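So this block is target-v4.txt, compact mmCIF, C-alpha atoms and all ligand atoms:
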```
# COMPACT_ATOMS: atom_id res chain seq x y z
CA MET A 1 12.14 -20.88 11.86
CA ARG A 2 12.15 -22.85 15.13
CA ALA A 3 15.92 -23.26 15.01
CA PHE A 4 16.29 -19.52 14.48
CA TYR A 5 14.10 -18.73 17.51
CA ASP A 6 16.05 -21.14 19.70
CA LEU A 7 19.31 -19.58 18.59
CA LEU A 8 18.11 -16.01 19.11
CA SER A 9 16.52 -16.65 22.49
CA ALA A 10 19.82 -18.15 23.65
CA THR A 11 22.12 -15.48 22.21
CA ASP A 12 20.06 -12.29 22.54
CA PRO A 13 17.06 -12.64 24.84
CA GLU A 14 16.47 -8.88 24.78
CA VAL A 15 15.81 -8.83 21.03
CA PHE A 16 14.03 -12.16 21.20
CA ALA A 17 11.52 -10.75 23.71
CA THR A 18 10.47 -8.02 21.28
CA LEU A 19 10.08 -10.49 18.43
CA ALA A 20 8.03 -12.88 20.54
CA GLY A 21 5.90 -9.97 21.75
CA GLU A 22 5.21 -8.79 18.22
CA GLU A 23 4.32 -12.31 17.11
CA ASN A 24 1.80 -12.56 19.89
CA ARG A 25 0.35 -9.16 19.07
CA GLN A 26 -0.11 -10.23 15.45
CA ARG A 27 -1.60 -13.55 16.50
CA LEU A 28 -4.17 -12.21 18.97
CA GLY A 29 -5.39 -9.02 17.29
CA ILE A 30 -7.13 -8.32 14.01
CA GLU A 31 -5.11 -6.18 11.64
CA LEU A 32 -7.40 -3.69 9.91
CA ILE A 33 -4.83 -1.17 8.71
CA PRO A 34 -5.36 -1.23 4.93
CA SER A 35 -1.67 -0.90 4.05
CA GLU A 36 -0.68 -3.97 6.07
CA ASN A 37 -0.79 -7.68 5.36
CA TYR A 38 0.77 -10.97 6.46
CA THR A 39 3.37 -12.06 3.96
CA TYR A 40 3.85 -15.65 2.77
CA PRO A 41 6.01 -18.01 4.88
CA GLU A 42 8.17 -18.51 1.76
CA VAL A 43 8.80 -14.75 1.69
CA LEU A 44 9.79 -14.72 5.36
CA ALA A 45 12.30 -17.44 4.48
CA ALA A 46 13.61 -15.51 1.46
CA LEU A 47 14.10 -12.40 3.62
CA GLY A 48 16.22 -14.44 6.02
CA SER A 49 18.19 -16.11 3.22
CA VAL A 50 21.82 -15.73 2.12
CA PHE A 51 20.73 -13.37 -0.67
CA THR A 52 21.06 -10.69 2.02
CA ASN A 53 24.84 -11.25 1.95
CA LYS A 54 25.28 -10.18 -1.64
CA TYR A 55 26.10 -6.80 -3.17
CA SER A 56 24.63 -6.46 -6.68
CA GLU A 57 24.96 -2.84 -7.78
CA GLY A 58 23.85 -2.50 -11.39
CA TYR A 59 21.41 -4.68 -13.29
CA PRO A 60 21.46 -8.32 -14.48
CA GLY A 61 24.33 -8.76 -16.96
CA ARG A 62 25.78 -5.32 -16.01
CA ARG A 63 26.93 -5.48 -12.39
CA TYR A 64 29.77 -3.74 -10.60
CA TYR A 65 30.74 -6.80 -8.51
CA GLY A 66 31.50 -10.44 -9.38
CA GLY A 67 29.61 -13.52 -8.25
CA GLN A 68 26.26 -12.55 -9.75
CA GLU A 69 25.20 -15.83 -11.35
CA PHE A 70 22.21 -16.38 -9.06
CA THR A 71 21.36 -12.77 -8.24
CA ASP A 72 21.01 -12.16 -11.99
CA GLN A 73 18.66 -15.11 -12.25
CA ILE A 74 16.46 -14.06 -9.35
CA GLU A 75 16.23 -10.42 -10.46
CA ASN A 76 15.39 -11.43 -14.03
CA LEU A 77 12.71 -13.76 -12.71
CA ALA A 78 11.21 -10.99 -10.57
CA ARG A 79 11.24 -8.55 -13.52
CA GLN A 80 9.64 -11.06 -15.92
CA ARG A 81 6.95 -11.98 -13.42
CA ALA A 82 6.20 -8.31 -12.71
CA CYS A 83 5.64 -7.72 -16.44
CA ALA A 84 3.43 -10.82 -16.65
CA VAL A 85 1.32 -9.85 -13.61
CA PHE A 86 0.73 -6.23 -14.67
CA GLY A 87 0.87 -6.52 -18.46
CA CYS A 88 3.74 -4.09 -18.94
CA GLU A 89 6.96 -3.98 -20.97
CA HIS A 90 9.56 -3.04 -18.35
CA ALA A 91 9.94 -3.51 -14.61
CA ASN A 92 12.46 -2.22 -12.08
CA VAL A 93 12.26 -4.21 -8.83
CA GLN A 94 15.12 -2.49 -6.98
CA PRO A 95 13.41 0.45 -5.16
CA LEU A 96 14.02 -0.04 -1.44
CA SER A 97 10.45 0.95 -0.65
CA GLY A 98 7.52 3.00 -1.91
CA SER A 99 8.92 6.45 -1.20
CA PRO A 100 12.27 6.08 -3.06
CA MET A 101 10.30 4.38 -5.85
CA ASN A 102 8.23 7.50 -6.48
CA GLN A 103 11.25 9.77 -6.04
CA ALA A 104 13.08 7.75 -8.71
CA VAL A 105 10.26 8.30 -11.21
CA TYR A 106 10.05 12.07 -10.64
CA LEU A 107 13.83 12.50 -10.75
CA GLY A 108 14.21 10.18 -13.75
CA LEU A 109 11.57 11.70 -16.01
CA LEU A 110 11.48 15.36 -14.89
CA GLU A 111 13.72 18.28 -14.02
CA PRO A 112 13.63 19.94 -10.58
CA GLY A 113 11.06 22.73 -10.65
CA ASP A 114 8.77 20.90 -13.10
CA THR A 115 5.08 20.78 -12.33
CA ILE A 116 3.28 17.61 -11.21
CA LEU A 117 -0.51 17.42 -10.97
CA ALA A 118 -1.48 15.09 -8.10
CA MET A 119 -4.22 14.30 -5.61
CA ASP A 120 -4.42 16.45 -2.50
CA LEU A 121 -3.10 14.76 0.65
CA SER A 122 -6.26 15.12 2.72
CA HIS A 123 -8.35 13.79 -0.17
CA GLY A 124 -6.30 10.60 -0.43
CA GLY A 125 -2.91 11.39 -1.99
CA HIS A 126 0.33 10.09 -0.44
CA LEU A 127 3.03 12.18 1.29
CA THR A 128 5.32 11.46 -1.67
CA HIS A 129 2.75 13.08 -3.96
CA GLY A 130 4.13 16.46 -3.01
CA ALA A 131 3.00 17.12 0.55
CA PRO A 132 4.76 20.32 1.67
CA VAL A 133 6.60 18.40 4.42
CA SER A 134 8.15 15.97 1.89
CA HIS A 135 11.43 16.75 0.14
CA MET A 136 9.69 16.11 -3.19
CA GLY A 137 7.40 19.01 -2.32
CA ARG A 138 10.51 21.22 -2.17
CA LEU A 139 12.00 19.93 -5.43
CA PHE A 140 8.95 19.95 -7.67
CA ASN A 141 5.99 22.25 -8.14
CA PHE A 142 2.97 20.21 -7.10
CA VAL A 143 -0.52 21.32 -8.08
CA ARG A 144 -3.33 19.42 -6.37
CA TYR A 145 -6.76 18.25 -7.38
CA LYS A 146 -9.41 17.35 -4.81
CA THR A 147 -12.50 15.18 -4.66
CA ASN A 148 -16.06 16.53 -4.70
CA PRO A 149 -17.65 17.32 -1.36
CA GLY A 150 -20.60 14.96 -1.03
CA ASP A 151 -20.05 11.95 -3.26
CA GLY A 152 -16.23 12.15 -3.15
CA ALA A 153 -15.88 11.67 -6.92
CA ILE A 154 -13.04 13.22 -8.92
CA ASP A 155 -14.36 16.02 -11.14
CA PHE A 156 -12.41 15.70 -14.39
CA ASP A 157 -13.52 19.14 -15.61
CA VAL A 158 -11.64 20.55 -12.62
CA VAL A 159 -8.60 18.31 -13.26
CA ARG A 160 -8.58 19.42 -16.92
CA ALA A 161 -8.84 23.09 -15.99
CA LEU A 162 -5.90 22.72 -13.57
CA ALA A 163 -3.88 20.92 -16.27
CA ARG A 164 -4.57 23.65 -18.84
CA GLU A 165 -3.68 26.37 -16.37
CA HIS A 166 -0.51 24.84 -14.88
CA LYS A 167 0.82 22.70 -17.79
CA PRO A 168 2.15 19.81 -15.67
CA ARG A 169 4.84 17.55 -17.09
CA LEU A 170 3.41 14.64 -15.10
CA VAL A 171 -0.19 13.77 -14.26
CA LEU A 172 -0.19 11.56 -11.17
CA CYS A 173 -3.05 9.52 -9.79
CA GLY A 174 -3.28 6.80 -7.16
CA TYR A 175 -3.79 7.22 -3.46
CA THR A 176 -3.30 6.07 0.07
CA SER A 177 -6.74 6.83 1.51
CA TYR A 178 -9.47 6.86 -1.11
CA PRO A 179 -11.96 4.04 -1.43
CA ARG A 180 -12.81 4.21 -5.14
CA ASP A 181 -11.42 2.89 -8.42
CA LEU A 182 -10.08 5.45 -10.91
CA ASP A 183 -11.04 6.48 -14.45
CA TYR A 184 -7.57 6.13 -15.99
CA ALA A 185 -8.78 6.94 -19.51
CA ALA A 186 -9.96 10.33 -18.26
CA PHE A 187 -6.56 11.08 -16.67
CA LYS A 188 -4.79 9.91 -19.83
CA ALA A 189 -6.90 12.13 -22.12
CA ILE A 190 -6.10 15.18 -19.98
CA ALA A 191 -2.38 14.35 -19.85
CA ASP A 192 -2.29 13.90 -23.64
CA GLU A 193 -3.94 17.27 -24.11
CA VAL A 194 -1.09 19.04 -22.28
CA GLY A 195 1.72 16.68 -23.31
CA ALA A 196 2.33 15.23 -19.82
CA TYR A 197 3.47 11.80 -18.69
CA THR A 198 0.89 9.64 -16.92
CA MET A 199 1.79 7.86 -13.68
CA CYS A 200 -0.35 5.82 -11.31
CA ASP A 201 0.86 5.02 -7.80
CA ALA A 202 -1.09 1.81 -7.17
CA SER A 203 0.81 1.00 -3.95
CA HIS A 204 -2.28 0.32 -1.90
CA TYR A 205 -4.36 -1.70 -4.32
CA ALA A 206 -1.92 -3.32 -6.78
CA GLY A 207 -2.98 -6.73 -5.42
CA LEU A 208 -6.53 -6.03 -6.55
CA VAL A 209 -5.30 -4.99 -9.99
CA ALA A 210 -3.17 -8.14 -10.18
CA GLY A 211 -6.18 -10.19 -9.12
CA GLY A 212 -8.35 -8.64 -11.83
CA VAL A 213 -10.92 -6.94 -9.58
CA MET A 214 -9.77 -3.36 -10.17
CA ARG A 215 -8.85 -1.54 -13.39
CA ASN A 216 -5.30 -1.70 -14.73
CA PRO A 217 -3.84 1.73 -15.65
CA PHE A 218 -1.85 0.14 -18.51
CA ASP A 219 -5.16 -0.72 -20.22
CA ALA A 220 -5.66 3.04 -20.63
CA GLY A 221 -2.12 3.49 -22.01
CA PHE A 222 -0.42 4.83 -18.85
CA ASP A 223 3.35 5.45 -19.02
CA VAL A 224 4.30 4.41 -15.49
CA VAL A 225 2.73 2.44 -12.64
CA THR A 226 4.46 2.26 -9.26
CA THR A 227 3.60 -0.02 -6.39
CA THR A 228 4.89 -1.17 -3.06
CA SER A 229 5.18 -4.94 -2.79
CA HIS A 230 4.08 -5.28 0.85
CA LYS A 231 0.48 -4.05 0.90
CA SER A 232 -2.34 -5.85 -0.95
CA LEU A 233 0.27 -7.82 -2.94
CA ARG A 234 1.37 -9.59 0.29
CA GLY A 235 5.09 -9.43 -0.46
CA PRO A 236 8.18 -8.22 1.40
CA ARG A 237 8.65 -4.47 2.03
CA GLY A 238 9.83 -3.01 -1.27
CA GLY A 239 8.84 -1.09 -4.38
CA MET A 240 8.48 -1.65 -8.11
CA ILE A 241 8.40 0.70 -11.07
CA LEU A 242 6.56 -0.65 -14.11
CA CYS A 243 6.66 1.24 -17.38
CA ARG A 244 6.72 1.37 -21.16
CA LYS A 245 9.90 -0.01 -22.73
CA ALA A 246 10.98 3.40 -24.01
CA LEU A 247 11.12 4.80 -20.46
CA GLY A 248 13.01 1.80 -19.05
CA PRO A 249 16.54 3.18 -19.45
CA ALA A 250 15.69 6.52 -17.79
CA ILE A 251 13.90 4.78 -14.91
CA ASP A 252 16.70 2.26 -14.37
CA LYS A 253 19.38 4.97 -14.38
CA SER A 254 17.34 6.99 -11.93
CA VAL A 255 17.05 4.12 -9.42
CA PHE A 256 20.71 3.16 -9.79
CA PRO A 257 23.05 5.01 -9.79
CA GLY A 258 20.76 8.02 -9.44
CA LEU A 259 19.17 7.37 -6.09
CA GLN A 260 20.31 4.08 -4.57
CA GLY A 261 23.30 1.82 -4.15
CA GLY A 262 23.08 -1.94 -3.79
CA PRO A 263 19.63 -3.51 -4.17
CA HIS A 264 18.37 -5.79 -1.40
CA MET A 265 18.56 -9.15 -3.16
CA ASN A 266 16.80 -11.01 -0.35
CA VAL A 267 13.82 -8.69 -0.84
CA ILE A 268 13.98 -9.16 -4.62
CA ALA A 269 13.83 -12.93 -4.06
CA GLY A 270 10.74 -12.32 -1.92
CA ILE A 271 9.22 -10.14 -4.65
CA ALA A 272 9.78 -12.93 -7.20
CA ILE A 273 7.99 -15.39 -4.91
CA THR A 274 5.14 -12.93 -4.32
CA LEU A 275 4.64 -12.32 -8.04
CA GLY A 276 4.69 -16.06 -8.72
CA LYS A 277 1.82 -16.37 -6.23
CA ALA A 278 0.00 -13.43 -7.85
CA LEU A 279 0.07 -15.29 -11.19
CA ALA A 280 -1.65 -18.36 -9.71
CA PRO A 281 -5.46 -18.72 -9.97
CA GLU A 282 -5.83 -18.70 -6.15
CA PHE A 283 -4.74 -15.07 -6.09
CA LYS A 284 -7.82 -14.04 -8.10
CA VAL A 285 -9.94 -15.72 -5.43
CA TYR A 286 -8.04 -13.85 -2.72
CA ALA A 287 -8.40 -10.46 -4.43
CA ALA A 288 -12.12 -10.99 -5.00
CA GLN A 289 -12.54 -11.91 -1.32
CA VAL A 290 -10.61 -8.82 -0.16
CA LEU A 291 -13.05 -6.68 -2.16
CA ALA A 292 -16.17 -8.60 -1.08
CA ASN A 293 -15.04 -8.33 2.55
CA ALA A 294 -14.45 -4.58 2.27
CA ARG A 295 -17.87 -4.03 0.68
CA ARG A 296 -19.53 -6.13 3.35
CA LEU A 297 -17.68 -4.42 6.20
CA GLY A 298 -18.67 -1.05 4.71
CA ALA A 299 -22.33 -1.98 4.31
CA GLU A 300 -22.50 -3.35 7.86
CA LEU A 301 -20.82 -0.27 9.34
CA ALA A 302 -23.08 2.05 7.35
CA GLY A 303 -26.07 0.05 8.62
CA ARG A 304 -24.88 0.83 12.16
CA GLY A 305 -24.78 4.55 11.50
CA VAL A 306 -21.09 4.91 10.61
CA SER A 307 -20.48 7.70 8.08
CA LEU A 308 -18.11 6.53 5.32
CA ILE A 309 -16.22 8.81 2.94
CA THR A 310 -17.82 8.37 -0.53
CA GLY A 311 -20.44 6.13 1.13
CA GLY A 312 -18.68 2.82 0.52
CA THR A 313 -15.82 1.24 -1.40
CA ASP A 314 -14.59 -0.17 -4.73
CA ASN A 315 -11.37 -1.48 -3.20
CA HIS A 316 -9.92 -2.96 -0.01
CA MET A 317 -10.35 0.15 2.14
CA LEU A 318 -12.89 2.23 4.04
CA VAL A 319 -12.47 5.71 5.47
CA ALA A 320 -14.86 6.35 8.35
CA ASN A 321 -15.68 9.78 9.74
CA THR A 322 -15.67 8.94 13.46
CA GLN A 323 -16.10 12.58 14.44
CA ALA A 324 -19.42 12.81 12.61
CA SER A 325 -20.59 9.32 13.58
CA PHE A 326 -19.57 9.13 17.24
CA GLY A 327 -18.19 12.54 18.20
CA LEU A 328 -14.74 10.88 18.49
CA ASP A 329 -11.59 12.10 16.79
CA GLY A 330 -9.60 9.48 14.89
CA ARG A 331 -6.86 9.19 17.47
CA THR A 332 -9.32 8.41 20.25
CA ALA A 333 -11.16 5.94 18.00
CA GLU A 334 -7.87 4.24 17.10
CA GLU A 335 -6.92 3.94 20.80
CA LEU A 336 -10.31 2.55 21.84
CA LEU A 337 -10.24 -0.06 19.06
CA ASP A 338 -6.63 -0.95 19.91
CA GLU A 339 -7.75 -1.74 23.44
CA ALA A 340 -10.33 -4.10 21.96
CA GLY A 341 -7.73 -5.93 19.83
CA LEU A 342 -8.71 -4.24 16.56
CA THR A 343 -5.82 -2.39 14.90
CA THR A 344 -6.80 0.58 12.70
CA ASN A 345 -5.23 3.94 11.95
CA LYS A 346 -6.32 7.50 12.47
CA GLN A 347 -6.90 9.21 9.16
CA ILE A 348 -7.37 12.74 7.87
CA ILE A 349 -10.52 13.18 5.82
CA PRO A 350 -11.03 15.62 2.91
CA ASP A 351 -10.29 19.19 4.06
CA ASP A 352 -10.14 17.93 7.64
CA PRO A 353 -10.66 20.78 10.12
CA ASN A 354 -8.76 18.76 12.77
CA PRO A 355 -4.94 18.46 12.99
CA PRO A 356 -3.15 15.41 11.45
CA LEU A 357 -2.40 13.75 14.80
CA ARG A 358 -6.02 14.18 15.90
CA PRO A 359 -7.88 13.93 12.59
CA SER A 360 -11.59 13.27 12.09
CA GLY A 361 -11.51 9.69 10.92
CA ILE A 362 -10.00 6.24 10.81
CA ARG A 363 -9.01 3.99 7.93
CA LEU A 364 -9.96 0.32 7.76
CA GLY A 365 -8.90 -2.37 5.30
CA THR A 366 -9.45 -6.05 4.65
CA PRO A 367 -6.25 -7.47 3.02
CA ALA A 368 -4.73 -8.82 6.24
CA ALA A 369 -7.93 -10.31 7.71
CA THR A 370 -8.67 -11.92 4.34
CA THR A 371 -5.18 -13.44 4.29
CA ARG A 372 -6.07 -15.15 7.59
CA GLY A 373 -9.07 -16.68 5.83
CA MET A 374 -11.79 -14.42 7.23
CA GLY A 375 -14.87 -13.96 5.07
CA GLU A 376 -18.07 -11.96 5.06
CA ALA A 377 -19.48 -13.65 8.16
CA GLU A 378 -16.46 -12.40 10.12
CA MET A 379 -16.86 -8.90 8.62
CA VAL A 380 -20.37 -8.75 10.09
CA LYS A 381 -18.89 -9.55 13.52
CA LEU A 382 -16.12 -6.98 13.09
CA ALA A 383 -18.57 -4.24 12.12
CA GLY A 384 -20.66 -4.99 15.20
CA TRP A 385 -17.63 -4.83 17.50
CA ILE A 386 -16.30 -1.62 15.94
CA ALA A 387 -19.66 0.11 16.25
CA GLU A 388 -20.19 -1.09 19.85
CA VAL A 389 -16.74 0.00 21.01
CA LEU A 390 -16.99 3.44 19.41
CA ALA A 391 -20.56 3.99 20.59
CA SER A 392 -19.56 3.45 24.23
CA PRO A 393 -16.15 5.11 24.73
CA THR A 394 -16.41 5.12 28.54
CA ASP A 395 -17.20 1.40 28.76
CA ALA A 396 -13.87 -0.34 29.46
CA ALA A 397 -15.63 -3.61 30.25
CA LYS A 398 -17.11 -3.60 26.76
CA ARG A 399 -13.65 -3.25 25.24
CA ALA A 400 -12.31 -6.09 27.38
CA ALA A 401 -15.23 -8.29 26.36
CA VAL A 402 -14.66 -7.54 22.66
CA ARG A 403 -10.96 -8.18 23.08
CA ALA A 404 -11.71 -11.66 24.41
CA GLU A 405 -14.04 -12.37 21.51
CA VAL A 406 -11.44 -11.09 19.04
CA ALA A 407 -8.80 -13.40 20.53
CA GLN A 408 -11.19 -16.32 20.25
CA LEU A 409 -11.92 -15.54 16.60
CA CYS A 410 -8.19 -15.19 15.90
CA GLY A 411 -7.69 -18.71 17.26
CA ARG A 412 -9.82 -19.99 14.38
CA PHE A 413 -7.90 -17.97 11.76
CA PRO A 414 -4.15 -18.38 12.31
CA VAL A 415 -1.61 -15.99 10.81
CA PRO A 416 0.29 -17.69 7.94
CA GLY A 417 3.76 -18.49 9.20
CA LEU A 418 2.66 -18.30 12.85
CA GLU A 419 0.51 -21.44 13.07
C1 LIG B 1 2.55 3.19 1.14
C2 LIG B 1 2.59 4.13 0.01
C3 LIG B 1 3.81 4.69 -0.44
C4 LIG B 1 5.10 4.61 0.32
O1 LIG B 1 5.58 3.41 0.65
P1 LIG B 1 6.70 3.23 1.79
O2 LIG B 1 7.14 1.85 1.54
O3 LIG B 1 6.01 3.43 3.09
O4 LIG B 1 7.77 4.23 1.56
C5 LIG B 1 3.78 5.47 -1.57
N1 LIG B 1 2.63 5.71 -2.22
C6 LIG B 1 1.44 5.24 -1.80
C7 LIG B 1 0.21 5.56 -2.55
C8 LIG B 1 1.39 4.43 -0.68
O5 LIG B 1 0.20 3.97 -0.26
```
Kindly return the structure encoded in the file as structure tokens.
Amino acid sequence: MRAFYDLLSATDPEVFATLAGEENRQRLGIELIPSENYTYPEVLAALGSVFTNKYSEGYPGRRYYGGQEFTDQIENLARQRACAVFGCEHANVQPLSGSPMNQAVYLGLLEPGDTILAMDLSHGGHLTHGAPVSHMGRLFNFVRYKTNPGDGAIDFDVVRALAREHKPRLVLCGYTSYPRDLDYAAFKAIADEVGAYTMCDASHYAGLVAGGVMRNPFDAGFDVVTTTSHKSLRGPRGGMILCRKALGPAIDKSVFPGLQGGPHMNVIAGIAITLGKALAPEFKVYAAQVLANARRLGAELAGRGVSLITGGTDNHMLVANTQASFGLDGRTAEELLDEAGLTTNKQIIPDDPNPPLRPSGIRLGTPAATTRGMGEAEMVKLAGWIAEVLASPTDAAKRAAVRAEVAQLCGRFPVPGLE
């Protein structure tokens, strides 16, 4: 790494300055965006390795270019490890990120115009789950289920009624901003009733599934599970499609040549490393700590009068209604916390009356802080700082004081790869 920095600072100081600035930002602030994490130093090395030089269109044993001896080995290793981590029969590790990963599933299993039953965006679903602004929303007919006002649970009588009425070909669950585990057996029973495929987009919380602290959709007989590799799994930016063996050929054809060209072999090497780590016993400890930290952060915030969507969490994430708790929209809350060295993101809440760029809440998550080694004692501190900063939005001195305390805490918990 050092040699690389010396080279870059000598040859391109302009780019080097941005890299050094970002390193410092990551070092001195606490990352609480639930979709972010600090990847392993080994993964950073894999991303900067010579695997990035290689074109490998096709799949191991069936490539369109020569020289694939080692790319075949690394991709096979990543696929085998993915199946071992998630208990599935087939894995495609080539999707360039989460969005093309989901597109590949829809386009591989369905015809344009088919109906997909998915979670409403403001209730937790992802843009790729058919938001009207996404291209998938133009290609497929998305029908949306919501969560209950009040406890935020999913009402399966409503989901079943929607399925009977609209006859989806795919029942999709999984989310980007919902703090509860899912009843996969209930989704599966409804899908079976109408003859639909079942798909779970576990992008956010796949690390907690891998670590055994959240349910695995395959245990309920799901057809397809998709996940990004860079969120709670701690890997490089990428996507994976996991499925039953019978669907493997259709999924593989959909990723390549259907949607993509050459896979990013440096990323696939990073995914193999990440999955190797996820198979080790230490990862179970990590996943359990991510969950314990999220529960503790939630309980401490609730104790300080912060209103949380669904009242708490079963995963790594919390959605706080800052409008109700502090009279602050999510954008203002995000900016105030940023000033104090705490990085969060503004978040729409169920049926949010406010616009997306000024929504009513923020989203918080513990994967990154837990990667730095922070535990429940640090969550108590964080909750105190968050509540203080949001309770006194005109107090710039308070934010500066918290920022100094945050930097001090960060000194005790270095970012892996940036020690
Ligand atoms: C993050 C996320 C995605 C998209 O991943 P990108 O890599 O940003 O394209 C898809 N689905 C869910 C549920 C996600 O949380």
Q | Which of A:Glu282, A:Asp351, A:Asp114, A:Glu388 sits closest to Ala333 in chain A [using only C-alpha atoms] | A | A:Glu388
**Q.** Contacts of ligand LIG 1 (chain B), 7 Å or closer, only C-alpha atoms and all ligand atoms, given as number ranges by chain
**A.** A: 35, 97-100, 102, 125-126, 128, 174-176, 201-204, 228, 237-239
Q: Using only C-alpha atoms, determine which residues lie at most 12 Å from range 253-257 of chain A, disregarding the query and same-chain residues fewer than 4 positions distant; provide the list as a PyMOL selection string.
A: chain A and resi 56-59+62-64+91-97+99-110+239-241+247-249+261-263
Distance table requested - range 28-76 of chain A against range 19-23 of chain A, cut-off 12 Å, all atoms listed in the file: one row per qualifying residue with the closest atom pair and its distance in Å to one decimal, ordered by chain and rising residue number, as JSON lines.
```
{"residue": "A:Leu28", "atom": "CA", "partner": "A:Glu23", "partner_atom": "CA", "distance": 8.7}
{"residue": "A:Gly29", "atom": "CA", "partner": "A:Glu23", "partner_atom": "CA", "distance": 10.3}
{"residue": "A:Tyr38", "atom": "CA", "partner": "A:Glu23", "partner_atom": "CA", "distance": 11.3}
```
Q.
Using only C-alpha atoms and a cutoff of 10 Å, can you tell me which residues are near (-4.5, -8.0, 5.4) in the file's coordinates, and write them out as a list in words?
A. Ile30, Glu31, Leu32, Ile33, Pro34, Ser35, Glu36, Asn37, Tyr38, Thr39, Lys231, Ser232, Leu233, Arg234, Val290, His316, Gly365, Thr366, Pro367, Ala368, Ala369, Thr370, Thr371, Arg372, Gly373 and Met374 of chain A
Output of the above residues as a PDB file, in the coordinates of the input, restricted to C-alpha atoms:
```pdb
ATOM      1  CA  ILE A  30      -7.130  -8.320  14.010  1.00  0.00           C
ATOM      2  CA  GLU A  31      -5.110  -6.180  11.640  1.00  0.00           C
ATOM      3  CA  LEU A  32      -7.400  -3.690   9.910  1.00  0.00           C
ATOM      4  CA  ILE A  33      -4.830  -1.170   8.710  1.00  0.00           C
ATOM      5  CA  PRO A  34      -5.360  -1.230   4.930  1.00  0.00           C
ATOM      6  CA  SER A  35      -1.670  -0.900   4.050  1.00  0.00           C
ATOM      7  CA  GLU A  36      -0.680  -3.970   6.070  1.00  0.00           C
ATOM      8  CA  ASN A  37      -0.790  -7.680   5.360  1.00  0.00           C
ATOM      9  CA  TYR A  38       0.770 -10.970   6.460  1.00  0.00           C
ATOM     10  CA  THR A  39       3.370 -12.060   3.960  1.00  0.00           C
ATOM     11  CA  LYS A 231       0.480  -4.050   0.900  1.00  0.00           C
ATOM     12  CA  SER A 232      -2.340  -5.850  -0.950  1.00  0.00           C
ATOM     13  CA  LEU A 233       0.270  -7.820  -2.940  1.00  0.00           C
ATOM     14  CA  ARG A 234       1.370  -9.590   0.290  1.00  0.00           C
ATOM     15  CA  VAL A 290     -10.610  -8.820  -0.160  1.00  0.00           C
ATOM     16  CA  HIS A 316      -9.920  -2.960  -0.010  1.00  0.00           C
ATOM     17  CA  GLY A 365      -8.900  -2.370   5.300  1.00  0.00           C
ATOM     18  CA  THR A 366      -9.450  -6.050   4.650  1.00  0.00           C
ATOM     19  CA  PRO A 367      -6.250  -7.470   3.020  1.00  0.00           C
ATOM     20  CA  ALA A 368      -4.730  -8.820   6.240  1.00  0.00           C
ATOM     21  CA  ALA A 369      -7.930 -10.310   7.710  1.00  0.00           C
ATOM     22  CA  THR A 370      -8.670 -11.920   4.340  1.00  0.00           C
ATOM     23  CA  THR A 371      -5.180 -13.440   4.290  1.00  0.00           C
ATOM     24  CA  ARG A 372      -6.070 -15.150   7.590  1.00  0.00           C
ATOM     25  CA  GLY A 373      -9.070 -16.680   5.830  1.00  0.00           C
ATOM     26  CA  MET A 374     -11.790 -14.420   7.230  1.00  0.00           C
TER      27      MET A 374
END
```
Q | Polymer residues at most 7 Å from (-2.7, -9.7, -10.8) by all atoms listed in the file, as a ChimeraX atom specification | A | /A:85-86,207-212,278-279
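In this model, the gap between CA of Pro13 in chain A and CA of Leu44 in chain A comes to 20.9 Å.
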